[in-house]
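Report on one structure; see the data block that follows.
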Amino acid sequence: MNFLEEKILRDGVIKEGNILKVDSFLNHQIDVQLMDDLAQEWARLYKGTPVTKILTIESSGIGIACVAALSFDNVPVIFARKSQGMNMDTNVYSVKV
């Protein structure tokens, strides 16, 4: 995945405390081609493995999860929420972190 390393080196920003800021291509602004490249690489790495769902977090993972789902024959995307929504069913998995 040299393309990801190259993108981080080119567009990532190191903030105080050695925090790597990647919001210009992964969070607040999404580089869709990069997401597709990552998804294709994951599909290659997991070829032959039965993938039935993709689980991600609510905040920044939905975009890449959706692109990845297409690379795995359009499997469903499930995202973990911080709190239960008003219109959610009560049949859910829950854990305190």
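Residue numbering restarts at 1 for every chain of the structure tokens, chains are lettered A, B, ... in their displayed order, and ligands are numbered from 1 as they appear.
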
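Residues surrounding Gly61 of chain A within 10 Å are Leu26, Asn27, Leu55, Thr56, Ile57, Ala65, Cys66, Phe79 and Ala80 of chain A [only C-alpha atoms; sequence separation below 4 positions excluded].
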
Checklist entry - Could you pull out the strand (DSSP E or B) residues of chain A from DSSP and send them as a ChimeraX atom specification? => result /A:13-15,19-21,54-57,77-80

Output C-alpha atoms of each residue in that selection to a file, as a PDB file, in the first residue's frame.
ATOM      1  CA  VAL A  13       0.098  17.250   8.423  1.00  0.00           C
ATOM      2  CA  ILE A  14       1.898  16.574  11.699  1.00  0.00           C
ATOM      3  CA  LYS A  15       0.359  18.622  14.507  1.00  0.00           C
ATOM      4  CA  ILE A  19      -0.704  13.873  15.793  1.00  0.00           C
ATOM      5  CA  LEU A  20      -1.105  13.012  12.121  1.00  0.00           C
ATOM      6  CA  LYS A  21      -3.885  15.062  10.540  1.00  0.00           C
ATOM      7  CA  ILE A  54     -18.532  -4.510   6.729  1.00  0.00           C
ATOM      8  CA  LEU A  55     -18.665  -2.984  10.207  1.00  0.00           C
ATOM      9  CA  THR A  56     -17.412   0.543  10.776  1.00  0.00           C
ATOM     10  CA  ILE A  57     -17.707   3.384  13.230  1.00  0.00           C
ATOM     11  CA  VAL A  77     -22.410  -1.857   5.631  1.00  0.00           C
ATOM     12  CA  ILE A  78     -23.195  -1.711   9.330  1.00  0.00           C
ATOM     13  CA  PHE A  79     -22.024   1.199  11.428  1.00  0.00           C
ATOM     14  CA  ALA A  80     -21.649   1.399  15.166  1.00  0.00           C
TER      15      ALA A  80
END

Checklist entry - What are the DSSP alpha helix (DSSP H) residues of chain A, as JSON, numbers by chain? => result {"A": [2, 3, 4, 5, 6, 7, 8, 9, 10, 11, 32, 33, 34, 35, 36, 37, 38, 39, 40, 41, 42, 43, 44, 45, 62, 63, 64, 65, 66, 67, 68, 69, 70, 71]}

Checklist outcome for this item: Using only C-alpha atoms, the best pick from A:Asn87, A:Asn18, A:Val67, A:Ser94 as closest to Gln33 of chain A would be A:Val67

Checklist entry - For Thr52 of chain A, which of A:Val97, A:Leu4, A:Val22, A:Ala68 is the closest residue, counting only C-alpha atoms? => result A:Ala68

Item to check | Neighbour list for His28 of chain A as a count of residues only, cut-off 12 Å, only C-alpha atoms, skip fewer than 3 positions in-chain | outcome: 10

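Taking atom CA of Asn74 of chain A as the reference point, atom CA of Ala39 of chain A is found at 11.8 Å.
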
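The shortest atom-to-atom distance to Ser83 of chain A, with only C-alpha atoms taken into account, belongs to A:Glu58 out of A:Glu41, A:Glu6, A:Asp36, A:Glu58.
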
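With atom CA of Gly17 of chain A on one side and atom CA of Gln29 of chain A on the other, the separation reads 22.8 Å.
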